[in-house]
Amino acid sequence: MSPGPLSRPHQDLDGPLQCAKCHVFGAGKPELRCFECHQEIERRLAEKRGYHAQVVKPGTGSNDCARCHSEHNGLEHRLTRWPVAKEKFDHAKAGWPLEGKHAQLKCADCHNTKFIDPKDRAVLKRHDIGASFAALSSTCTTCHRDVHAGQLSEQCTSCHSQSTWKNPPNFSHDKTQYPLTGLHAKVECVKCHRPSSADPNSPVQYKGFVLFKYCASCHKDPHGNAFDGDCSRCHVTEGWKQIRSASGFDHSKTDFPLLGKHAAVACKDCHKTENFKVQIAFARCLDCHKDQHGGQFAKRSDGGECKACHTEAAWKPARFSVEEHGKTRYPLVGKHADVACAKCHIPKGKETVYHVPFAACTDCHKDEHKGQFAGQPHQNRCDDCHTPAAWKPSSFTLEAHNRSHFPLKGAHVAIPCSGCHLPKGVDTAYHPPAANCVDCHQNPHGPMAAAIHCENCHSVLTWKERRRFDHNQTDFPLLGRHAAVDCLACHKPVLEKGVRTVAFKGATKDCAGCHADIHAGQFQASGNESVCARCHTVISWKATEFDHSRHSTFRLDGAHQKVPCQMCHNQHRIVDGRPVVVYKGTPRECKQCHP
């Protein structure tokens, strides 16, 4: 009756009297009874999990088993038909994709009797449990030991991944009662989570920490119990040395309130040890601060105490004011009050000198006059001419100048200093040669007058005042109208090479040298003889000296003596565009004048 012998797993059911254990008779159609023995498969199908739940056709029951597990093919027949090689099986079809480290495992690493689910083990009646693939649970603790000893969830994947056990990527300490902030986030887990007992095999304690609310539970108090033990009042998790700005500790209630820059000073800068009960000297600034001035102020009444010049707000600027400087041996007045401290006290850090020499101006100021006043009576005393109020104008007065080798008189009084002491910066000469006028004034009279002293003609009152010169002492005395003529009318200025000069020597003495010949040469004498004097004098231009009988060839007799000149000399001719009275050639016959 049997179509063939059963496979080795079912060989105990072989025989004509055992068919009913697998087949249902009288059903009218073929029907198998596989689930009566394989209850673990039936349970998985009911729970819709595992590989069979994916491949068994719904509603077919045991009848669909024969599609993959055919029987009556002999003892050596493999009861399970694998569509692909067992090693290439897509484990995701079993409801458990192999990912991460799991993908590297062999089938036997998990599918063995050691990891069979106890519920499946109880129903595996006829199966070789050593060859079963269906008796495993998806719970991690089926294969892995719960190192947390039940303290945490059985779902390891809520914290860990299948790629690595350490540094669980899904775990966030922020979801616990103690979020990790600052440097706590960098602490290794084992630093806090240690075995619950001395036994090295005892589970690590993850729950039940009740002391994490207090820093002293993990950290030693380095302050000698100087505070109440709540470290978080002053410290933050970002760093032990970082102190809360609003730590709650009020230093103003101590003997040394922290003001200004002191408020930003780190505790350790003053408290050299972490025991804050140790007393610190603070009565004087120098108890903590080094004397940066090298003892220059040690002889003061306060012993060089810093607070005389500085404040807690900042080391710079010093509060040593002009008023305070006025109490020293060198009060600051005038422009000195505006000078920056660094101009006199050259900044050199700790080497800065504050007791600078000041007996003479040249101790600080360069001699701008290059030693011109180094001798008597000034001896380079700048204050003889200058004041602290301003370098300019000089305080050197007219009275002081009159005590020098060159007293200022007349027009020299009104000349500004720069008129003689030409401004050339540091090269300005204040002791110029002044023996002669030409040492300062340009000689306008040319080389012919170089040896003549200006004082012979001029005075210091005004240059144009020339009454001191007596022209009668020359070979051309000024008589008549000549005495009223301005010098420049005869001694005319000449512009040579951009220089205006006036020549006095060599001036002509002849009338024609200065006066134009209005007679157009009618009376020109031979040689250099001047004939103007025959008719004219220096008293008047009118011809008062002309004698018609002696100086002409026509004697005036009788009534002719009373006839005005122009009655006979009434003819004119144009010379160089101007009319000239004709004298020579005047008619002599009576009928030429008398009709």
# chains A, B, ... in the order shown; residues from 1 in each chain; ligands from 1
call {"tool": "residues_around", "arguments": {"residues": "region 132-145 of chain A", "least_positions_apart": "5", "cutoff": "9 Å", "atoms": "only C-alpha atoms", "output": "PyMOL selection string"}}
result
chain A and resi 40-41+50-52+95-96+107+110-121+124+127+154-157
call {"tool": "select_by_dssp", "arguments": {"residues": "region 226-367 of chain A", "states": "strand (DSSP E or B)", "output": "PyMOL selection string"}}
result
chain A and resi 235-236+239-243
call {"tool": "closest_residue", "arguments": {"among": "A:Pro9, A:Pro423, A:Gly26, A:Gly61", "to": "Gly74 (chain A)", "atoms": "only C-alpha atoms"}}
result
A:Pro9
call {"tool": "closest_residue", "arguments": {"among": "A:Arg573, A:Phe358, A:His77, A:Asn443", "to": "Pro331 (chain A)", "atoms": "only C-alpha atoms"}}
result
A:Phe358
call {"tool": "atom_distance", "arguments": {"atom1": "CA of Asp230 (chain A)", "atom2": "CA of Gly182 (chain A)"}}
result
17.4 Å
call {"tool": "residues_around", "arguments": {"residues": "region 311-326 of chain A", "least_positions_apart": "4", "cutoff": "7 Å", "atoms": "only C-alpha atoms", "output": "MDAnalysis selection string"}}
result
chainID A and resid 259:262 307 330:332 337
call {"tool": "write_last_selection", "arguments": {"atoms": "all heavy atoms", "output": "short mmCIF file (atom, residue, chain, number, x, y, z; two decimals), in the first residue's frame"}}
result
data_model
loop_
_atom_site.label_atom_id
_atom_site.label_comp_id
_atom_site.auth_asym_id
_atom_site.auth_seq_id
_atom_site.Cartn_x
_atom_site.Cartn_y
_atom_site.Cartn_z
N LEU A 259 36.39 93.56 43.26
CA LEU A 259 35.92 94.70 42.48
C LEU A 259 36.78 94.84 41.23
O LEU A 259 37.93 94.41 41.20
CB LEU A 259 35.98 95.99 43.31
CG LEU A 259 35.24 95.97 44.65
CD1 LEU A 259 35.51 97.26 45.41
CD2 LEU A 259 33.75 95.78 44.44
N GLY A 260 36.21 95.49 40.20
CA GLY A 260 36.97 95.76 38.99
C GLY A 260 37.56 94.52 38.38
O GLY A 260 36.91 93.49 38.24
N LYS A 261 38.84 94.60 38.04
CA LYS A 261 39.53 93.47 37.40
C LYS A 261 39.65 92.28 38.34
O LYS A 261 39.82 91.15 37.87
CB LYS A 261 40.93 93.92 36.95
CG LYS A 261 40.94 94.88 35.77
CD LYS A 261 40.49 94.17 34.51
CE LYS A 261 40.59 95.09 33.30
NZ LYS A 261 40.18 94.42 32.05
N HIS A 262 39.58 92.51 39.64
CA HIS A 262 39.67 91.39 40.58
C HIS A 262 38.52 90.41 40.39
O HIS A 262 38.67 89.22 40.65
CB HIS A 262 39.67 91.91 42.02
CG HIS A 262 40.98 92.51 42.44
ND1 HIS A 262 41.11 93.39 43.49
CD2 HIS A 262 42.23 92.36 41.91
CE1 HIS A 262 42.37 93.74 43.62
NE2 HIS A 262 43.07 93.14 42.68
N LYS A 307 47.69 101.58 44.91
CA LYS A 307 46.40 102.26 44.81
C LYS A 307 46.51 103.77 44.82
O LYS A 307 45.53 104.47 44.58
CB LYS A 307 45.48 101.78 45.92
CG LYS A 307 45.97 102.08 47.32
CD LYS A 307 45.02 101.48 48.35
CE LYS A 307 45.49 101.72 49.78
NZ LYS A 307 44.60 101.07 50.76
N TYR A 330 58.03 118.64 40.42
CA TYR A 330 57.92 119.23 39.08
C TYR A 330 56.44 119.36 38.72
O TYR A 330 55.87 118.49 38.06
CB TYR A 330 58.64 118.36 38.04
CG TYR A 330 58.78 119.05 36.71
CD1 TYR A 330 59.76 120.01 36.51
CD2 TYR A 330 57.93 118.74 35.66
CE1 TYR A 330 59.89 120.65 35.29
CE2 TYR A 330 58.06 119.38 34.43
CZ TYR A 330 59.04 120.33 34.26
OH TYR A 330 59.17 120.96 33.05
N PRO A 331 55.79 120.45 39.15
CA PRO A 331 54.37 120.65 38.77
C PRO A 331 54.26 120.84 37.26
O PRO A 331 55.13 121.45 36.63
CB PRO A 331 53.98 121.93 39.54
CG PRO A 331 55.04 122.09 40.59
CD PRO A 331 56.30 121.52 40.03
N LEU A 332 53.18 120.34 36.70
CA LEU A 332 52.94 120.49 35.26
C LEU A 332 52.09 121.73 35.02
O LEU A 332 50.95 121.81 35.47
CB LEU A 332 52.23 119.25 34.71
CG LEU A 332 52.99 117.94 34.84
CD1 LEU A 332 52.18 116.79 34.25
CD2 LEU A 332 54.34 118.03 34.14
N ALA A 337 51.04 120.39 30.88
CA ALA A 337 49.87 119.70 31.43
C ALA A 337 49.18 118.83 30.39
O ALA A 337 48.44 117.90 30.74
CB ALA A 337 48.89 120.72 32.00
#
call {"tool": "atom_distance", "arguments": {"atom1": "CA of Asp475 (chain A)", "atom2": "CA of Cys454 (chain A)"}}
result
19.8 Å
call {"tool": "closest_residue", "arguments": {"among": "A:Leu79, A:Leu556, A:Cys440, A:Cys192", "to": "Arg588 (chain A)", "atoms": "only C-alpha atoms"}}
result
A:Leu556
call {"tool": "residues_around", "arguments": {"residues": "Val204 (chain A)", "least_positions_apart": "4", "cutoff": "8 Å", "atoms": "only C-alpha atoms", "output": "number ranges by chain"}}
result
A: 147-148, 193-196
call {"tool": "write_last_selection", "arguments": {"atoms": "all heavy atoms", "output": "PDB file, in the first residue's frame"}}
result
ATOM      1  N   VAL A 147      24.183  41.031  29.967  1.00  0.00           N
ATOM      2  CA  VAL A 147      25.233  41.524  30.874  1.00  0.00           C
ATOM      3  C   VAL A 147      24.684  42.561  31.852  1.00  0.00           C
ATOM      4  O   VAL A 147      25.363  42.928  32.813  1.00  0.00           O
ATOM      5  CB  VAL A 147      26.394  42.152  30.055  1.00  0.00           C
ATOM      6  CG1 VAL A 147      27.056  41.093  29.188  1.00  0.00           C
ATOM      7  CG2 VAL A 147      25.886  43.319  29.217  1.00  0.00           C
ATOM      8  N   HIS A 148      23.479  43.027  31.576  1.00  0.00           N
ATOM      9  CA  HIS A 148      22.893  44.037  32.463  1.00  0.00           C
ATOM     10  C   HIS A 148      22.060  43.409  33.568  1.00  0.00           C
ATOM     11  O   HIS A 148      21.466  44.152  34.370  1.00  0.00           O
ATOM     12  CB  HIS A 148      22.029  45.007  31.643  1.00  0.00           C
ATOM     13  CG  HIS A 148      22.784  45.633  30.497  1.00  0.00           C
ATOM     14  ND1 HIS A 148      24.044  46.127  30.619  1.00  0.00           N
ATOM     15  CD2 HIS A 148      22.423  45.824  29.186  1.00  0.00           C
ATOM     16  CE1 HIS A 148      24.443  46.614  29.456  1.00  0.00           C
ATOM     17  NE2 HIS A 148      23.482  46.433  28.561  1.00  0.00           N
ATOM     18  N   HIS A 193      29.893  53.389  35.776  1.00  0.00           N
ATOM     19  CA  HIS A 193      29.155  52.124  35.861  1.00  0.00           C
ATOM     20  C   HIS A 193      30.145  50.987  36.119  1.00  0.00           C
ATOM     21  O   HIS A 193      30.740  50.434  35.186  1.00  0.00           O
ATOM     22  CB  HIS A 193      28.353  51.887  34.586  1.00  0.00           C
ATOM     23  CG  HIS A 193      27.336  52.950  34.315  1.00  0.00           C
ATOM     24  ND1 HIS A 193      26.167  53.056  35.022  1.00  0.00           N
ATOM     25  CD2 HIS A 193      27.329  53.978  33.414  1.00  0.00           C
ATOM     26  CE1 HIS A 193      25.474  54.094  34.574  1.00  0.00           C
ATOM     27  NE2 HIS A 193      26.166  54.668  33.605  1.00  0.00           N
ATOM     28  N   ARG A 194      30.281  50.628  37.398  1.00  0.00           N
ATOM     29  CA  ARG A 194      31.229  49.594  37.810  1.00  0.00           C
ATOM     30  C   ARG A 194      30.451  48.347  38.259  1.00  0.00           C
ATOM     31  O   ARG A 194      29.235  48.404  38.472  1.00  0.00           O
ATOM     32  CB  ARG A 194      32.099  50.114  38.953  1.00  0.00           C
ATOM     33  CG  ARG A 194      32.899  51.369  38.612  1.00  0.00           C
ATOM     34  CD  ARG A 194      33.807  51.741  39.773  1.00  0.00           C
ATOM     35  NE  ARG A 194      34.560  52.961  39.488  1.00  0.00           N
ATOM     36  CZ  ARG A 194      34.148  54.175  39.803  1.00  0.00           C
ATOM     37  NH1 ARG A 194      32.981  54.325  40.427  1.00  0.00           N
ATOM     38  NH2 ARG A 194      34.876  55.226  39.516  1.00  0.00           N
ATOM     39  N   PRO A 195      31.137  47.205  38.432  1.00  0.00           N
ATOM     40  CA  PRO A 195      30.458  46.008  38.973  1.00  0.00           C
ATOM     41  C   PRO A 195      29.798  46.306  40.310  1.00  0.00           C
ATOM     42  O   PRO A 195      30.293  47.103  41.110  1.00  0.00           O
ATOM     43  CB  PRO A 195      31.592  45.001  39.093  1.00  0.00           C
ATOM     44  CG  PRO A 195      32.586  45.431  38.067  1.00  0.00           C
ATOM     45  CD  PRO A 195      32.523  46.930  38.051  1.00  0.00           C
ATOM     46  N   SER A 196      28.689  45.683  40.520  1.00  0.00           N
ATOM     47  CA  SER A 196      27.909  45.952  41.733  1.00  0.00           C
ATOM     48  C   SER A 196      28.559  45.402  42.994  1.00  0.00           C
ATOM     49  O   SER A 196      28.159  45.748  44.107  1.00  0.00           O
ATOM     50  CB  SER A 196      26.502  45.363  41.581  1.00  0.00           C
ATOM     51  OG  SER A 196      26.584  43.983  41.272  1.00  0.00           O
TER      52      SER A 196
END
call {"tool": "closest_residue", "arguments": {"among": "A:His173, A:Gly419, A:Leu45, A:Arg381", "to": "Pro58 (chain A)", "atoms": "only C-alpha atoms"}}
result
A:Leu45
call {"tool": "select_by_dssp", "arguments": {"residues": "region 319-568 of chain A", "states": "helix (DSSP H, G or I)", "output": "MDAnalysis selection string"}}
result
chainID A and resid 322:325 334:338 341:344 349:351 361:363 382:384 398:402 410:414 417:420 425:427 437:439 447:449 454:456 471:473 480:484 487:490 511:514 532:534 548:551 558:562 565:568
call {"tool": "residues_around", "arguments": {"residues": "Asn380 (chain A)", "least_positions_apart": "6", "cutoff": "12 Å", "atoms": "only C-alpha atoms", "output": "list in words"}}
result
Ala359, Ala360, Cys361, Thr362, Asp363, His365, Lys366, Asp367, Glu368, His369, Lys370, Gly371, Gln372, Phe373, Ala374 and His386 of chain A
call {"tool": "write_last_selection", "arguments": {"atoms": "C-alpha atoms", "output": "PDB file, in the first residue's frame"}}
result
ATOM      1  CA  ALA A 359      66.678 120.803  36.188  1.00  0.00           C
ATOM      2  CA  ALA A 360      67.120 122.251  32.696  1.00  0.00           C
ATOM      3  CA  CYS A 361      64.785 122.363  29.692  1.00  0.00           C
ATOM      4  CA  THR A 362      67.424 120.571  27.637  1.00  0.00           C
ATOM      5  CA  ASP A 363      67.100 117.560  29.931  1.00  0.00           C
ATOM      6  CA  HIS A 365      64.006 119.105  24.958  1.00  0.00           C
ATOM      7  CA  LYS A 366      66.514 119.157  22.144  1.00  0.00           C
ATOM      8  CA  ASP A 367      68.436 122.416  21.684  1.00  0.00           C
ATOM      9  CA  GLU A 368      66.575 123.736  18.651  1.00  0.00           C
ATOM     10  CA  HIS A 369      69.087 126.590  18.289  1.00  0.00           C
ATOM     11  CA  LYS A 370      72.167 124.384  17.978  1.00  0.00           C
ATOM     12  CA  GLY A 371      74.142 126.007  20.745  1.00  0.00           C
ATOM     13  CA  GLN A 372      73.588 129.635  19.707  1.00  0.00           C
ATOM     14  CA  PHE A 373      72.614 130.473  23.304  1.00  0.00           C
ATOM     15  CA  ALA A 374      74.976 128.095  25.083  1.00  0.00           C
ATOM     16  CA  HIS A 386      60.016 130.771  26.108  1.00  0.00           C
TER      17      HIS A 386
END
call {"tool": "residues_around", "arguments": {"residues": "Thr60 (chain A)", "least_positions_apart": "5", "cutoff": "12 Å", "atoms": "only C-alpha atoms", "output": "PyMOL selection string"}}
result
chain A and resi 30-35+42+45+55+65-67
call {"tool": "residues_around", "arguments": {"residues": "region 481-494 of chain A", "least_positions_apart": "5", "cutoff": "9 Å", "atoms": "only C-alpha atoms", "output": "short mmCIF file (atom, residue, chain, number, x, y, z; two decimals) with C-alpha atoms, in the first residue's frame"}}
result
data_model
loop_
_atom_site.label_atom_id
_atom_site.label_comp_id
_atom_site.auth_asym_id
_atom_site.auth_seq_id
_atom_site.Cartn_x
_atom_site.Cartn_y
_atom_site.Cartn_z
CA PRO A 444 70.26 149.36 -4.22
CA HIS A 445 73.01 151.74 -5.37
CA HIS A 471 74.13 167.46 -1.69
CA VAL A 499 67.40 143.67 -9.12
CA ARG A 500 66.31 147.30 -8.81
CA THR A 501 69.33 149.55 -8.29
CA VAL A 502 69.81 153.32 -8.11
CA ALA A 503 73.11 154.81 -9.23
CA PHE A 504 74.21 158.03 -7.54
CA LYS A 505 77.75 158.39 -8.74
CA ALA A 507 74.97 161.11 -12.70
CA THR A 508 75.03 163.74 -15.47
CA GLY A 513 71.13 164.86 -19.23
CA CYS A 514 67.89 165.32 -17.28
CA VAL A 538 67.68 176.95 -11.73
CA ILE A 539 65.32 179.46 -10.15
CA SER A 540 62.80 179.45 -13.01
#
call {"tool": "closest_residue", "arguments": {"among": "A:Asp557, A:Asp427, A:Asp338, A:Asp439", "to": "Ala389 (chain A)", "atoms": "only C-alpha atoms"}}
result
A:Asp338
call {"tool": "atom_distance", "arguments": {"atom1": "CA of Gln296 (chain A)", "atom2": "CA of Arg329 (chain A)"}}
result
14.7 Å
